[in-house]
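All remarks here apply to the structure that follows.
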Amino acid sequence: MGFASAEGFTDEDFSAMTEEDTETVDHFKSNLGYFIAHKHLFSTWVDQTSDFDVADVREALSAFSRLIHPNHKRLFEGIFKTLETGLSKLGDTAAKQTKATSDLLQLIKDIPMDGQQGYDVLGFIYEYLIGMFAANAGKKAGEFYTPHEVSVLMSEVIAHHLKDRKTIQIYDSTSGSGSLLLNIGQAIAKRMGNQGGIKYYAQELKENTYNLTRMNLVMRGIRPDDIVTRNADTLEDDWPYFDEQDPVNSYNPLYLDAVVSNPPYSQKWDPLHKEADPRYARFGVAPKSKADYAFLLHDLYHLKPNGIMAIVLPHGVLFRGGEEGVIRKQLIENDHLETIIGLPSNIFFGTGIPTVILVLRQKRAGSDVLFVDASKGFAKEGKNNKLRACDIKKITDVVTARATVPGFSRLVPKTELQGEANDYNLNIPRYVDSSEPLESWDLYASMFGGIPLSELDALADYWEAFPNLRAALFTLDGTPYAQPKADDLAAAVRQHPEVTKFNDTFARAFDGFRPWLHRELIGKMLTLQVPRQEALICEELFARLAKVGTVPLIDKYQAYQVLDDHWQPISVDLEILQTEGFAATRVVDPNYVVKKKDGKDVEVQEGWKGRVLPFDLVQLAHHKMELDALRKKETELDEVAALLDELLDSFSDEDQAKDTFNEAGDKFVAAAVAKEAKESVADAAALGTESYEGKIIQAAKLLAQEKSLKAAIKKDAAALHLKTKATIEALSDEQAYALLESKWLSPLVDELHRLPGLVTSKLIARLQALVEKYRITYADNARDIQRAEEALVTMLGELDGGEFDVRGIEELKTLLAGN
């Protein structure tokens with residue numbers, strides 16, 4: 001439908017099109033490589049509901065094979081073979097297969113789209129399914145899936161190297177699902193400004209996985225002429241020099257601008273007679289038990305002289321000996337190895353082993369190697385670790401700048417790698433020490449108190465930024481120990497002139513940032529390039545942070561994470577607005593939820609939701625009075641519920657044990673709620689609120705109040721909901737712009753302005769921990785123990801008992817007395 005819409009076809013036009021319209025069908029086939037009729041689309045099947053039949057899928061698959069353009073048979077033929085053979089496994093009858101397929105369609109329809117509409121919806125669904133399957137597939141996941149964040153990291157490194165080229169060829173020699181290859185292409189396209197100059201090559205051994213690669217590439221809107229795929233064994237059957245469909249008239253050895261891969265780790269292979277293979281002749285042959293370097297040399301062989309490659313391998317390739325040590329030495333001596341990035345463990349599905357990304361070049365000017373220890377930067381997500389946006393950004397910046405950052409990266413000269421101490425061993429800890437210092441305890445301070453100056457010196461960055469703060473907080477008497485001056489350390493830090501100046505400097509640096517964002521985002525929302533915009537904002541963000549001070553107390557990558565967290569929903573809104581126009585701000589869609597009906601999950605409408613502007617934001621801006629009134633009633637309801645719980649808890653066990661409890665309770669409650677027995681209420685009042693009957697009447701009143709409030713809240717909420725819907729649909733452009741600013745800019749700017757406070761809070765926490773660490777000395781503890789022992793001895797002297805009890809007490813007193 002995307003191509004049809006771009007060509008000017010309406011939904012009605014396309015739904016009426018059939019195979020008999022040969023001219024139009026041929027137009028589709030020549031551009032897409034295939035034609036799919038409206039009745040064979042996923043969206044049509046979902047809408048069919050009860051009319052759907054598994055025969056529709058079989059008919060669609062048959063028609064697809066029939067309507068492939070002859071020039072693209074290699075790309076599309078057999079692409080749905082796995083689906084064709086898999087249909088029979090969904091049930092032993094057509095009815096069971098129909099039900100299973102229909103349920104599957106509904107499950108796909110219910111995938112959380114994160115705001116995605118029609119821009120890359122197929123790709124999004126596909127990636128979601130692959131990722132979810134990988135998360136539950138254990139070790140088999142490694143056969144087809146590279147986690148998105150690792151793909152993005154590799155993509156950024158590759159794309160930076162290729163950023164100035166007009167046309168680019170990229171290749172994944174173990175393509176799996178194709179996700180890694182696609183991410184590389186998207187990162188390159190982001191810098192190029194278009195995707196048309198990129199050609200994709202992919203090779204995959206397993207047929208089912210190979211079909212995943214083809215489907216993934218095709219669904220991303222890549223022209224079929226720009227996709228070349230091959231189902232073959234990368235190590236045993238190298239990419240041919242000749243076109244397999246025309247071997248006589250073609251000669252085209254494959255050399256590319258970029259090669260990426262995430263091959264199976266330490267896989268067995270057959271190295272027999274591989275010495276003559278041009279891929280391995282220069283450097284050596286990998287051992288039979290581990291094909292890691294065989295994959296690496298294959299990728300390196302297919303690089304152009306000015307090309308770049310990145311490969312994910314197990315950590316062991318950095319230091320294992322034997323044939324691998326020989327190959328590693330040759331790669332270093334010939335200056336092919338450019339960068340080593342150590343990744344966190346547990347980052348890949350199905351394996352917890354540490355992995356590395358090796359970046360290599362065919363030819364380069366330098367000979368040094370950049371080591372990056374990125375093993376400590378990640379977020380925990382379930383059983384796996386996950387690179388955050390700030391981790392990816394930091395690694396990318398260091399790699400592209402080839403920068404040395406203490407505890408994180410180091411540019412190592414080749415001579416150091418060659419030296420006797422290392423002997424071509426590339427184990428990252430040899431070159432980068434990222435370990436955290438062990439906590440130590442000062443013996444003198446533990447005995448006599450005071451804070452060791454050496455431990456205060458560990459906060460050198462803070463003292464450099466705030467030169468007079470240390471003396472303001474601690475008494476320095478010329479000894480190696482300091483004493484706290486302030487009773488309230490936190491207040492003393494926050495109120496110090498240098499700290500308040502730091503906050504003011506940050507505020508000045510970001511003065512005008514919100515208007516700048518308004519111009520760049522809201523002012524250009526319909527024309528800006530969404531993939532590039534986050535990088536432009538990041539440049540401005542980093543430039544402003546650089547003005548805050550010479551000592552960078554605010555981690556710029558923490559600030560980048562704030563930007564990225566907010567950018568994700570903003571980018572989705574921008575895609576919607578650029579696709580549908582500014583009028584999308586006034587669109588309200590049905591809000592569908594899944595509910596149980598007759599034991600089945602059924603999708604039903606539950607109110608409305610704004611396509612771009614959320615209801616709660618609109619209510620705050622345009623219906624605050626009604627919203628406040630509703631919130632007030634909800635608070636009253638919570639208070640009534642709490643009073644009711646408290647009252648019910650006050651019934652004694654005797655009250656609840658009375659035979660007449662339920663009967664009396666029902667009688668009093670019914671009378672009070674219906675207001676039919678004023679005498680009962682009066683009687684209860686006369687009895688007092690502490691009596692059993694009085695409590696029942698109180699409960700009745702509270703229940704009546706609760707019921708009334710619930711009804712009022714439901715009515716008011718429904719009215720406010722419909723009023724908000726009408727407000728969104730009638731928004732003026734000016735009002736919509738203001739709401740977009742509240743949605744996009746306010747949360748981002750507010751969170752950035754909280755960063756200085758986080759710096760101060762971190763300093764305070766570290767100082768308070770130091771003070772607390774030595775506040776109670778060993779001598780204090782010893783005195784407390786002695787006093788406790790003396791008190792216990794006194795207590796023991798007051799005890800009495802039998803002969804043996806007394807002898808036991810006397811022995812304990814002797815031990816406590818230290819005799």
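Ligands are numbered from 1 in the order shown, chains are lettered A, B, ... in the order of the structure tokens, and residues start at 1 in each chain.
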Quick one: everything within 8 Å of Asp373 in chain A, counting only C-alpha atoms, minus sequence neighbours fewer than 5 positions away in the same chain. Send it as a ChimeraX atom specification.
-> /A:341-343,407-409,428,432,434
Within 9 Å of range 738-755 of chain A, counting only C-alpha atoms, which residues show up once you throw out same-chain ones fewer than 4 positions away? Write them as a CSV table (one decimal) with N, CA, C and O atoms, in the first residue's frame, please.
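selection.csv, freshly written:
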chain,number,residue,atom,x,y,z
A,506,PHE,N,25.2,27.2,34.9
A,506,PHE,CA,24.4,26.2,34.0
A,506,PHE,C,23.2,26.9,33.5
A,506,PHE,O,22.9,26.7,32.3
A,507,ALA,N,22.5,27.6,34.3
A,507,ALA,CA,21.2,28.3,33.8
A,507,ALA,C,21.5,29.3,32.7
A,507,ALA,O,20.8,29.3,31.7
A,510,PHE,N,22.3,27.6,29.4
A,510,PHE,CA,21.1,27.0,28.8
A,510,PHE,C,20.0,28.1,28.6
A,510,PHE,O,18.9,27.8,28.2
A,513,PHE,N,17.9,28.0,25.3
A,513,PHE,CA,17.9,26.7,24.7
A,513,PHE,C,16.5,26.3,24.3
A,513,PHE,O,16.3,25.7,23.2
A,514,ARG,N,15.5,26.7,25.2
A,514,ARG,CA,14.1,26.3,24.8
A,514,ARG,C,13.7,27.1,23.6
A,514,ARG,O,13.1,26.4,22.7
A,517,LEU,N,15.2,25.3,20.7
A,517,LEU,CA,14.5,24.0,20.4
A,517,LEU,C,13.2,24.3,19.7
A,517,LEU,O,12.8,23.5,18.7
A,518,HIS,N,12.5,25.4,20.1
A,518,HIS,CA,11.2,25.7,19.5
A,518,HIS,C,11.4,26.0,18.0
A,518,HIS,O,10.7,25.5,17.1
A,521,LEU,N,12.6,22.5,16.2
A,521,LEU,CA,11.7,21.4,16.2
A,521,LEU,C,10.3,21.8,15.8
A,521,LEU,O,9.8,21.3,14.8
A,522,ILE,N,9.7,22.8,16.5
A,522,ILE,CA,8.3,23.1,16.2
A,522,ILE,C,8.3,24.0,14.9
A,522,ILE,O,7.4,23.8,14.1
A,554,ILE,N,29.2,17.8,35.1
A,554,ILE,CA,28.0,17.2,34.5
A,554,ILE,C,28.4,16.3,33.3
A,554,ILE,O,29.1,16.7,32.4
A,558,GLN,N,25.3,11.6,30.2
A,558,GLN,CA,24.1,11.5,31.0
A,558,GLN,C,23.1,12.5,30.4
A,558,GLN,O,21.9,12.2,30.3
A,559,ALA,N,23.6,13.7,30.0
A,559,ALA,CA,22.7,14.6,29.4
A,559,ALA,C,22.1,14.1,28.1
A,559,ALA,O,21.0,14.3,27.7
A,562,VAL,N,19.3,11.8,28.6
A,562,VAL,CA,18.0,12.5,28.8
A,562,VAL,C,17.4,12.9,27.5
A,562,VAL,O,16.2,12.8,27.2
A,563,LEU,N,18.3,13.4,26.6
A,563,LEU,CA,17.8,13.8,25.3
A,563,LEU,C,17.2,12.6,24.5
A,563,LEU,O,16.1,12.7,24.0
A,565,ASP,N,16.0,9.8,25.6
A,565,ASP,CA,14.8,9.3,26.3
A,565,ASP,C,13.6,10.1,25.8
A,565,ASP,O,12.5,9.5,25.5
A,566,HIS,N,13.8,11.4,25.7
A,566,HIS,CA,12.7,12.3,25.2
A,566,HIS,C,12.5,12.3,23.7
A,566,HIS,O,11.4,12.5,23.2
A,567,TRP,N,13.7,12.0,23.0
A,567,TRP,CA,13.6,12.1,21.6
A,567,TRP,C,12.8,11.0,20.9
A,567,TRP,O,12.1,11.2,19.9
A,569,PRO,N,9.8,9.5,21.7
A,569,PRO,CA,8.4,9.8,21.4
A,569,PRO,C,8.3,11.0,20.5
A,569,PRO,O,7.3,11.1,19.7
A,570,ILE,N,9.2,12.0,20.6
A,570,ILE,CA,9.2,13.2,19.7
A,570,ILE,C,9.3,12.7,18.2
A,570,ILE,O,8.6,13.2,17.3
A,585,THR,N,-2.6,16.7,14.4
A,585,THR,CA,-2.7,17.2,15.8
A,585,THR,C,-4.1,17.2,16.3
A,585,THR,O,-4.4,17.2,17.5
A,612,VAL,N,-1.7,12.5,18.2
A,612,VAL,CA,-0.4,13.1,18.6
A,612,VAL,C,-0.5,13.7,20.0
A,612,VAL,O,0.4,13.6,20.8
A,613,LEU,N,-1.6,14.4,20.3
A,613,LEU,CA,-1.8,15.1,21.6
A,613,LEU,C,-2.5,14.2,22.6
A,613,LEU,O,-3.7,13.9,22.4
A,614,PRO,N,-1.9,13.9,23.7
A,614,PRO,CA,-2.6,13.0,24.7
A,614,PRO,C,-3.7,13.8,25.5
A,614,PRO,O,-3.5,15.0,25.7
A,617,LEU,N,-2.6,15.9,28.7
A,617,LEU,CA,-2.0,17.1,28.4
A,617,LEU,C,-3.0,18.2,28.0
A,617,LEU,O,-2.9,19.4,28.5
A,618,VAL,N,-4.0,17.9,27.2
A,618,VAL,CA,-5.0,18.8,26.7
A,618,VAL,C,-5.9,19.2,27.9
A,618,VAL,O,-6.2,20.4,28.1
A,621,ALA,N,-4.2,21.8,30.0
A,621,ALA,CA,-4.1,23.1,29.4
A,621,ALA,C,-5.4,23.8,29.2
A,621,ALA,O,-5.5,25.0,29.3
A,733,ASP,N,-4.4,26.3,15.2
A,733,ASP,CA,-3.0,26.0,15.0
A,733,ASP,C,-2.2,26.5,16.2
A,733,ASP,O,-1.3,25.9,16.6
A,734,GLU,N,-2.5,27.7,16.7
A,734,GLU,CA,-1.8,28.3,17.8
A,734,GLU,C,-1.9,27.4,19.0
A,734,GLU,O,-0.9,27.2,19.7
A,759,VAL,N,24.3,16.6,40.4
A,759,VAL,CA,25.7,16.7,40.7
A,759,VAL,C,25.9,17.0,42.2
A,759,VAL,O,26.7,16.4,42.9
A,760,THR,N,25.2,18.0,42.7
A,760,THR,CA,25.3,18.4,44.1
A,760,THR,C,24.9,17.3,45.0
A,760,THR,O,25.6,17.0,46.0
Pick from A:Phe448, A:Glu498, A:Lys609, A:Lys89: nearest to Leu469 in chain A, with only C-alpha atoms counted?
->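 For Leu469 in chain A, the nearest of the given residues is A:Glu498.
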Neighbours of range 305-314 of chain A within 10 Å (only C-alpha atoms; same-chain residues fewer than 5 positions away dropped), as number ranges by chain?
-> A: 146, 150-151, 154-155, 157-159, 161-162, 168-172, 255-266, 292-293, 295-296, 299-300, 336-343, 353-364
Just write the chosen residues, C-alpha atoms, as a short mmCIF file (atom, residue, chain, number, x, y, z; two decimals), in the first residue's frame.
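Heads up, here's the output in selection_13.cif:
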data_model
loop_
_atom_site.label_atom_id
_atom_site.label_comp_id
_atom_site.auth_asym_id
_atom_site.auth_seq_id
_atom_site.Cartn_x
_atom_site.Cartn_y
_atom_site.Cartn_z
CA THR A 146 22.09 -9.38 16.75
CA VAL A 150 24.91 -3.73 19.20
CA SER A 151 23.77 -3.24 15.60
CA MET A 154 28.49 -1.03 14.81
CA SER A 155 26.40 1.06 12.43
CA VAL A 157 31.24 3.36 13.69
CA ILE A 158 30.88 2.16 10.09
CA ALA A 159 28.72 5.11 9.01
CA HIS A 161 33.93 6.17 8.12
CA LEU A 162 31.69 6.21 5.03
CA ILE A 168 28.02 2.53 -0.92
CA GLN A 169 27.99 -1.26 -1.03
CA ILE A 170 27.63 -3.12 2.28
CA TYR A 171 27.78 -6.86 2.98
CA ASP A 172 26.87 -9.16 5.86
CA TYR A 255 34.86 -6.01 -2.94
CA LEU A 256 32.81 -3.68 -0.76
CA ASP A 257 32.87 -0.42 1.15
CA ALA A 258 31.75 -2.06 4.39
CA VAL A 259 31.48 -5.60 5.71
CA VAL A 260 29.74 -6.47 8.98
CA SER A 261 28.98 -9.77 10.65
CA ASN A 262 28.04 -11.51 13.87
CA PRO A 263 29.04 -15.09 13.02
CA PRO A 264 28.42 -18.19 15.15
CA TYR A 265 30.97 -18.13 17.97
CA SER A 266 33.81 -20.69 17.99
CA ASP A 292 36.21 -17.22 14.43
CA TYR A 293 39.25 -16.04 12.49
CA PHE A 295 34.98 -15.54 9.34
CA LEU A 296 37.13 -12.49 10.10
CA ASP A 299 35.22 -10.39 5.68
CA LEU A 300 38.61 -8.68 5.43
CA HIS A 336 44.71 -4.12 9.64
CA LEU A 337 43.42 -4.06 13.20
CA GLU A 338 42.16 -0.58 14.08
CA THR A 339 39.87 -0.82 17.13
CA ILE A 340 38.86 -3.35 19.78
CA ILE A 341 35.64 -2.71 21.74
CA GLY A 342 34.98 -4.91 24.77
CA LEU A 343 31.22 -5.33 25.32
CA ILE A 353 30.22 -15.00 27.38
CA PRO A 354 32.04 -11.67 26.95
CA THR A 355 32.22 -10.49 23.34
CA VAL A 356 34.20 -7.91 21.42
CA ILE A 357 33.71 -5.85 18.30
CA LEU A 358 36.82 -5.79 16.12
CA VAL A 359 37.09 -2.96 13.60
CA LEU A 360 39.53 -3.60 10.75
CA ARG A 361 40.67 -1.76 7.65
CA GLN A 362 42.24 -3.04 4.44
CA LYS A 363 44.59 -0.05 4.28
CA ARG A 364 45.16 2.75 6.80
#
Write out as a ChimeraX atom specification the residues lying within 8 Å of Gly325 in chain A, counting only C-alpha atoms and excluding same-chain residues fewer than 5 positions away.
-> /A:319-320,424
